[in-house]
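Content type CSV, C-alpha atoms, from the file model32.csv:
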```csv
chain,number,residue,atom,x,y,z
A,54,MET,CA,0.0,0.0,0.0
A,55,MET,CA,1.4,3.3,-1.0
A,56,TYR,CA,1.2,6.2,1.5
A,57,ILE,CA,2.7,9.6,1.8
A,58,SER,CA,5.6,9.6,4.2
A,59,PHE,CA,5.2,11.4,7.4
A,60,THR,CA,7.4,14.5,7.0
A,61,LYS,CA,9.1,16.6,9.6
A,62,VAL,CA,6.5,19.3,8.9
A,63,ASN,CA,3.8,16.9,9.7
A,64,GLN,CA,5.5,15.9,12.9
A,65,GLU,CA,5.8,19.5,14.1
A,66,GLU,CA,2.2,20.1,13.2
A,67,LEU,CA,1.2,16.9,15.0
A,68,LEU,CA,3.0,17.9,18.2
A,69,ARG,CA,1.5,21.4,18.0
A,70,LEU,CA,-2.0,20.1,17.6
A,71,ILE,CA,-1.5,17.6,20.5
A,72,ASP,CA,-0.4,20.4,22.7
A,73,SER,CA,-3.4,22.5,21.7
A,74,TYR,CA,-5.7,19.5,22.2
A,75,TYR,CA,-4.6,19.0,25.7
A,76,GLY,CA,-4.9,22.7,26.3
A,77,GLY,CA,-8.5,22.6,25.1
A,78,VAL,CA,-8.0,25.2,22.5
A,79,THR,CA,-8.4,23.1,19.3
A,80,SER,CA,-11.2,23.9,16.9
A,81,VAL,CA,-13.2,21.2,15.2
A,82,LYS,CA,-11.0,21.7,12.1
A,83,ASP,CA,-7.9,21.2,14.2
A,84,GLU,CA,-9.2,18.0,15.8
A,85,LYS,CA,-10.1,16.6,12.4
A,86,ARG,CA,-6.6,17.5,11.1
A,87,LEU,CA,-5.1,15.9,14.3
A,88,TYR,CA,-7.1,12.7,13.8
A,89,LYS,CA,-6.0,12.5,10.2
A,90,LEU,CA,-2.4,12.8,11.2
A,91,LEU,CA,-2.7,10.3,14.0
A,92,MET,CA,-4.2,7.8,11.6
A,93,HIS,CA,-1.0,7.8,9.5
A,94,PRO,CA,0.2,4.2,9.2
A,95,SER,CA,3.7,5.2,10.3
A,96,LEU,CA,2.4,6.2,13.7
A,97,LYS,CA,0.7,2.9,14.5
A,98,GLU,CA,3.1,2.2,17.3
A,99,SER,CA,2.9,5.8,18.7
A,100,TYR,CA,0.4,8.1,20.3
A,101,HIS,CA,-1.9,5.3,21.4
A,102,ALA,CA,-3.6,7.5,24.0
A,103,GLU,CA,-4.2,10.4,21.7
A,104,ARG,CA,-5.5,8.1,19.0
A,105,ALA,CA,-7.8,6.3,21.4
A,106,MET,CA,-9.2,9.6,22.7
A,107,LEU,CA,-9.9,11.1,19.3
A,108,SER,CA,-11.3,7.8,18.0
A,109,TYR,CA,-13.6,7.5,21.1
A,110,PHE,CA,-15.0,11.0,20.8
A,111,LYS,CA,-15.3,10.8,17.0
A,112,ALA,CA,-17.4,7.6,17.4
A,113,GLU,CA,-19.5,9.2,20.2
A,114,ARG,CA,-20.2,12.4,18.4
A,115,PRO,CA,-23.2,12.0,16.1
A,116,SER,CA,-22.9,13.6,12.8
A,117,VAL,CA,-25.4,16.4,12.4
A,118,LYS,CA,-26.3,17.3,9.0
A,119,VAL,CA,-28.4,20.4,8.7
A,120,THR,CA,-30.2,20.2,5.5
A,121,ALA,CA,-32.6,22.6,3.8
A,122,LEU,CA,-35.4,20.2,4.8
A,123,THR,CA,-34.5,20.5,8.4
A,124,VAL,CA,-34.5,24.3,8.3
A,125,LEU,CA,-37.9,24.3,6.6
A,126,ARG,CA,-39.3,21.9,9.2
A,127,ARG,CA,-38.1,24.2,11.9
A,128,VAL,CA,-39.7,27.2,10.2
A,129,ALA,CA,-42.9,25.3,9.8
A,130,VAL,CA,-43.0,24.4,13.5
A,131,VAL,CA,-42.4,28.0,14.5
A,132,ALA,CA,-45.1,29.2,12.1
A,133,LEU,CA,-47.5,26.6,13.5
A,134,LEU,CA,-46.8,27.6,17.0
A,135,VAL,CA,-47.3,31.3,16.2
A,136,VAL,CA,-50.6,30.7,14.4
A,137,SER,CA,-51.8,28.4,17.2
A,138,GLY,CA,-50.9,31.0,19.8
A,139,MET,CA,-52.9,33.6,17.9
A,140,PHE,CA,-56.0,31.4,17.8
A,141,VAL,CA,-55.7,30.6,21.4
A,142,VAL,CA,-55.4,34.3,22.3
A,143,GLN,CA,-58.3,35.1,20.0
A,144,TYR,CA,-60.7,32.6,21.5
A,145,THR,CA,-59.7,32.9,25.1
A,146,THR,CA,-59.7,36.7,25.4
A,147,PRO,CA,-63.1,38.5,25.8
A,148,LYS,CA,-64.3,40.2,22.6
A,149,LEU,CA,-64.1,43.9,22.4
A,150,GLN,CA,-67.4,45.5,21.9
A,151,ALA,CA,-67.7,46.3,18.2
A,152,SER,CA,-70.6,48.6,18.4
A,153,TYR,CA,-69.9,52.2,19.5
A,154,ALA,CA,-70.8,55.8,19.1
A,155,TYR,CA,-69.0,59.1,19.1
A,156,VAL,CA,-71.0,62.0,20.4
A,157,ASN,CA,-69.3,65.4,20.1
A,158,GLY,CA,-66.0,63.5,20.0
A,159,VAL,CA,-66.6,61.4,23.1
A,160,ARG,CA,-66.6,57.7,22.6
A,161,VAL,CA,-69.7,55.9,24.0
A,162,THR,CA,-69.9,52.1,24.5
A,163,ASP,CA,-73.1,51.7,26.4
A,164,LEU,CA,-75.5,50.2,24.0
A,165,ALA,CA,-78.6,51.9,25.4
A,166,THR,CA,-76.8,55.3,25.2
A,167,ILE,CA,-75.6,54.5,21.6
A,168,ARG,CA,-79.2,53.8,20.5
A,169,SER,CA,-80.7,56.8,22.3
A,170,GLU,CA,-78.0,59.2,20.9
A,171,ALA,CA,-78.6,58.0,17.4
A,172,ILE,CA,-82.3,58.5,17.8
A,173,SER,CA,-81.8,62.0,19.4
A,174,SER,CA,-79.8,63.1,16.4
A,175,LEU,CA,-82.8,62.3,14.2
A,176,ASN,CA,-85.4,64.1,16.2
A,177,ASP,CA,-85.4,67.1,14.0
A,178,MET,CA,-85.6,65.1,10.8
A,179,PRO,CA,-89.0,65.6,9.1
A,180,GLY,CA,-91.4,62.7,9.4
A,181,VAL,CA,-89.4,61.0,12.0
A,182,SER,CA,-89.9,62.8,15.3
A,183,THR,CA,-93.3,61.4,16.3
A,184,HIS,CA,-92.2,57.8,15.6
A,185,ILE,CA,-89.0,58.4,17.5
A,186,ASN,CA,-90.7,59.8,20.5
A,187,MET,CA,-92.9,56.8,20.7
A,188,SER,CA,-90.0,54.4,20.6
A,189,LEU,CA,-87.5,56.2,22.9
A,190,THR,CA,-88.4,54.2,25.9
A,191,ASP,CA,-88.0,50.9,24.3
A,192,VAL,CA,-85.6,50.6,21.5
A,193,SER,CA,-84.2,47.6,19.8
A,194,SER,CA,-81.5,47.5,17.2
A,195,GLY,CA,-84.1,46.8,14.6
A,196,GLN,CA,-86.2,49.8,15.6
A,197,LEU,CA,-83.1,52.0,15.7
A,198,ILE,CA,-82.2,51.1,12.1
A,199,GLU,CA,-85.8,51.4,10.9
A,200,GLU,CA,-86.0,54.9,12.5
A,201,GLN,CA,-82.8,56.1,10.9
A,202,LEU,CA,-83.8,54.6,7.6
A,203,SER,CA,-87.3,56.2,7.9
A,204,VAL,CA,-85.5,59.5,7.1
A,205,PHE,CA,-85.3,58.2,3.6
A,206,SER,CA,-88.6,56.4,3.4
A,207,THR,CA,-90.5,59.7,3.7
A,208,ILE,CA,-88.8,61.0,0.6
A,209,GLU,CA,-91.0,60.6,-2.5
B,239,MET,CA,-32.5,30.5,12.8
B,240,ASN,CA,-33.3,34.0,14.2
B,241,ARG,CA,-33.6,35.3,10.7
B,242,TYR,CA,-36.2,32.6,9.8
B,243,ILE,CA,-38.2,33.4,12.9
B,244,LYS,CA,-38.3,37.1,12.0
B,245,ILE,CA,-39.4,36.3,8.5
B,246,VAL,CA,-42.2,34.1,9.8
B,247,LEU,CA,-43.4,36.7,12.3
B,248,ILE,CA,-43.4,39.4,9.6
B,249,ILE,CA,-45.5,37.2,7.4
B,250,VAL,CA,-48.0,36.4,10.2
B,251,PHE,CA,-48.3,40.0,11.3
B,252,SER,CA,-48.8,41.2,7.7
B,253,GLY,CA,-51.6,38.7,7.3
B,254,VAL,CA,-53.2,39.9,10.6
B,255,SER,CA,-53.0,43.5,9.4
B,256,LEU,CA,-54.7,42.8,6.1
B,257,ALA,CA,-57.4,40.9,7.8
B,258,GLY,CA,-58.2,43.9,10.0
B,259,ALA,CA,-59.0,46.3,7.2
B,260,GLU,CA,-62.0,48.5,7.8
B,261,ALA,CA,-65.4,47.7,6.3
B,262,GLN,CA,-65.8,50.8,4.0
B,263,SER,CA,-62.2,50.8,2.9
B,264,GLY,CA,-62.0,51.6,-0.8
B,265,LEU,CA,-65.0,54.0,-0.5
B,266,ALA,CA,-64.7,57.7,-0.6
B,267,ILE,CA,-67.4,58.1,2.1
B,268,LYS,CA,-64.8,56.7,4.6
B,269,LYS,CA,-63.3,60.1,4.5
B,270,VAL,CA,-66.5,61.7,5.9
B,271,PHE,CA,-66.6,59.2,8.8
B,272,ASP,CA,-62.8,59.6,9.5
B,273,THR,CA,-62.9,63.4,9.3
B,274,TYR,CA,-66.1,64.3,11.1
B,275,GLY,CA,-66.9,61.2,13.1
B,276,LYS,CA,-65.3,62.4,16.3
B,277,SER,CA,-65.9,66.1,15.8
B,278,LYS,CA,-68.2,68.5,17.7
B,279,ASP,CA,-71.8,68.6,16.6
B,280,ALA,CA,-71.4,65.1,15.1
B,281,VAL,CA,-72.9,61.8,16.1
B,282,MET,CA,-71.4,58.7,14.6
B,283,VAL,CA,-72.8,55.3,15.3
B,284,GLU,CA,-71.5,51.9,14.3
B,285,LEU,CA,-73.6,48.8,15.0
B,286,SER,CA,-72.0,45.5,14.1
B,287,MET,CA,-72.9,41.9,14.0
B,288,ASP,CA,-72.9,41.4,17.8
B,289,VAL,CA,-75.8,43.8,18.1
B,290,LEU,CA,-77.4,43.1,14.7
B,291,GLN,CA,-78.1,39.5,15.4
B,292,GLY,CA,-81.4,38.4,13.9
B,293,TYR,CA,-81.5,41.4,11.7
B,294,ASP,CA,-80.6,41.5,8.0
B,295,PHE,CA,-77.6,43.8,8.3
B,296,ALA,CA,-74.1,42.7,8.9
B,297,LEU,CA,-72.9,46.3,9.5
B,298,PHE,CA,-74.8,49.6,10.0
B,299,LYS,CA,-72.7,52.8,10.2
B,300,SER,CA,-74.1,56.3,10.2
B,301,ILE,CA,-73.0,59.8,10.8
B,302,THR,CA,-75.1,62.9,11.5
B,303,VAL,CA,-73.4,66.3,11.3
B,304,ILE,CA,-75.1,69.6,12.3
B,305,ASN,CA,-74.4,73.0,10.8
B,306,ASN,CA,-71.3,72.1,9.0
B,307,ASP,CA,-71.2,73.2,5.4
B,308,ALA,CA,-67.7,71.7,4.9
B,309,ALA,CA,-69.0,68.3,6.0
B,310,ALA,CA,-72.0,68.6,3.7
B,311,GLU,CA,-69.7,69.5,0.8
B,312,LEU,CA,-67.3,66.7,1.6
B,313,ALA,CA,-70.2,64.2,1.8
B,314,ARG,CA,-71.5,65.4,-1.6
B,315,GLU,CA,-68.0,65.1,-3.1
B,316,CYS,CA,-67.6,61.6,-1.7
B,317,ILE,CA,-71.0,60.5,-2.9
B,318,ALA,CA,-70.1,61.8,-6.4
B,319,ILE,CA,-67.0,59.6,-6.4
B,320,ASP,CA,-68.7,56.4,-5.0
B,321,GLU,CA,-71.7,56.7,-7.3
B,322,LYS,CA,-69.4,56.2,-10.3
B,323,ASP,CA,-69.3,52.4,-9.8
B,324,ALA,CA,-72.7,52.2,-8.2
B,325,LYS,CA,-76.3,52.0,-9.2
B,326,LYS,CA,-78.2,55.2,-8.3
B,327,VAL,CA,-81.5,54.0,-6.9
B,328,LYS,CA,-82.9,57.4,-6.0
B,329,GLN,CA,-81.9,61.0,-6.1
B,330,VAL,CA,-83.6,64.2,-5.0
B,331,VAL,CA,-82.2,67.5,-6.2
B,332,ALA,CA,-83.2,70.9,-4.9
B,333,ASN,CA,-81.9,74.1,-6.5
B,334,GLY,CA,-79.4,72.0,-8.4
B,335,VAL,CA,-77.9,70.4,-5.3
B,336,PRO,CA,-78.5,66.7,-4.4
B,337,THR,CA,-80.4,66.6,-1.1
B,338,SER,CA,-80.9,62.8,-1.0
B,339,VAL,CA,-79.1,60.0,-2.8
B,340,TYR,CA,-79.4,56.3,-2.5
B,341,LEU,CA,-76.6,54.1,-4.0
B,342,GLN,CA,-76.4,50.4,-4.5
B,343,LEU,CA,-72.8,49.5,-4.6
B,344,PRO,CA,-71.2,46.4,-6.3
B,345,PRO,CA,-71.1,43.5,-3.9
B,346,ARG,CA,-67.9,42.7,-2.0
B,347,GLY,CA,-67.5,39.1,-1.3
B,348,LYS,CA,-70.8,37.8,0.2
B,349,TYR,CA,-71.9,41.3,1.3
B,350,HIS,CA,-74.2,43.7,-0.6
B,351,ARG,CA,-73.6,47.4,0.2
B,352,LEU,CA,-75.8,50.5,0.3
B,353,ILE,CA,-75.1,54.2,0.8
B,354,LEU,CA,-77.8,56.5,1.9
B,355,TYR,CA,-77.4,60.3,2.1
B,356,ASN,CA,-79.8,63.0,3.1
B,357,HIS,CA,-79.3,66.7,3.8
B,358,ASN,CA,-82.0,68.7,5.6
B,359,ARG,CA,-81.6,72.4,5.6
B,360,HIS,CA,-84.5,73.5,7.9
B,361,PRO,CA,-84.5,74.4,10.7
B,362,GLU,CA,-80.8,73.8,10.7
B,363,SER,CA,-78.4,72.2,8.4
B,364,LYS,CA,-78.1,68.4,9.1
B,365,ILE,CA,-76.6,65.8,7.0
B,366,THR,CA,-77.2,62.1,7.5
B,367,LEU,CA,-74.9,59.5,5.9
B,368,VAL,CA,-75.6,55.8,6.3
B,369,TYR,CA,-73.5,52.8,5.1
B,370,ILE,CA,-75.0,49.3,5.2
B,371,GLU,CA,-73.6,45.9,4.5
B,372,THR,CA,-75.9,43.0,4.3
B,373,GLU,CA,-75.9,39.4,3.2
B,374,SER,CA,-79.4,39.8,2.0
B,375,ASP,CA,-80.0,41.1,-1.5
B,376,SER,CA,-79.7,44.9,-1.4
B,377,GLU,CA,-83.0,45.1,-3.3
B,378,ASP,CA,-84.8,43.5,-0.4
B,379,ILE,CA,-83.2,46.0,2.0
B,380,LEU,CA,-84.1,48.9,-0.2
B,381,LYS,CA,-87.7,47.8,-0.2
B,382,LEU,CA,-87.6,47.8,3.6
B,383,ILE,CA,-86.2,51.3,3.5
B,384,LEU,CA,-88.6,52.7,0.9
B,385,LYS,CA,-91.7,51.1,2.4
B,386,LYS,CA,-94.5,53.6,3.1
B,387,LYS,CA,-95.5,54.1,6.7
```
So that I can check it, write out the structure of this file as structure tokens.
Amino acid sequence: MMYISFTKVNQEELLRLIDSYYGGVTSVKDEKRLYKLLMHPSLKESYHAERAMLSYFKAERPSVKVTALTVLRRVAVVALLVVSGMFVVQYTTPKLQASYAYVNGVRVTDLATIRSEAISSLNDMPGVSTHINMSLTDVSSGQLIEEQLSVFSTIE
Amino acid sequence: MNRYIKIVLIIVFSGVSLAGAEAQSGLAIKKVFDTYGKSKDAVMVELSMDVLQGYDFALFKSITVINNDAAAELARECIAIDEKDAKKVKQVVANGVPTSVYLQLPPRGKYHRLILYNHNRHPESKITLVYIETESDSEDILKLILKKK
């Protein structure tokens, strides 16, 4: 079997990397390089401990391949969590009242007040006043709408 | 990974924003509600589905403004814009100025839409502008509006 001889440069590099490894300052790239150097056939009888350590950790470390599919899966999970959270918030929080009125710039949310204010504003409309007076004490949404629309029904 | 989370959140919030668009968006009369709805001598009422249950309307929005010529002029201008794509059901003109206009707008989705406008000048100037959205055919709603007492 042909192999490249282990040069002096390789030897110096090997020693430097071993020192760094024991010092805990090697990067992943350094460790890979160190492992490759230690696996040289000419070093079979040397550096047993270092070879054993790197072989052990290399075997233990699972190879993690981050693929595009993995990233997409993570994005999909995040999006699903966000949307689910929004639905939970929407259905668990009490609904804001959608009906409202502004009278002279002041917001009113009391439904009875909303109805009466709308009717009051129509009191001066021709053909509506009598009908409105009769219904002021008991107003339903349907009556309110009919009374506002009655402004238009009197027009020929 | 943080970049992907940001992209997802931007997409989600954009979708939520679009979903929250106002009912009369795209109509010129929106300007009347926005400009004078919270002003003095104005009453703006919005009744939505939670109150209108059992009735034919999905949305009822009206504004009444007293003694405001600028509001009346703006309302007339907005009506003139919105009536371009609409069917004019009725119009009353006095001294060359429209005093009442009923418009039937093109449906949007499952909702039929109506605009009603009236301007009374005696004893005081009062404009009434009504916007209605309904799942029922707008013809049926107009019959309800125009029925004689």
Checklist line | Computed interatomic separation between atom CA of Lys276 of chain B and atom CA of Arg160 of chain A (Å) | finding: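 Atom CA of Arg160 of chain A lies at a distance of 8.0 Å from atom CA of Lys276 of chain B.
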Check: Any idea what the distance is between atom CA of Ile304 of chain B and atom CA of Glu321 of chain B?
Finding: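 It comes out at 23.7 Å.
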Margin query: Residues of chain B within 6 Å of chain A, counting only C-alpha atoms, what are they? List them as a ChimeraX atom specification.
Written below: /B:276-286,383-384
Note to self: If we count all atoms listed in the file and set the cut-off at 12 Å, which residues sit around Leu70 of chain A, ignoring sequence neighbours fewer than 2 positions away in its own chain? Please answer as number ranges by chain.
What the structure shows: A: 63-68, 72-91, 103
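Put simply, atom CA of Lys269 of chain B is 15.9 Å away from atom CA of Ile370 of chain B.
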Next item on the list: Dig up all the protein and nucleic acid residues within 9 Å of (-72.3, 48.9, -4.4) in the file frame, using only C-alpha atoms, and format them as a VMD selection string.
Entry: chain B and resid 320 to 321 323 to 325 341 to 346 350 to 353 376
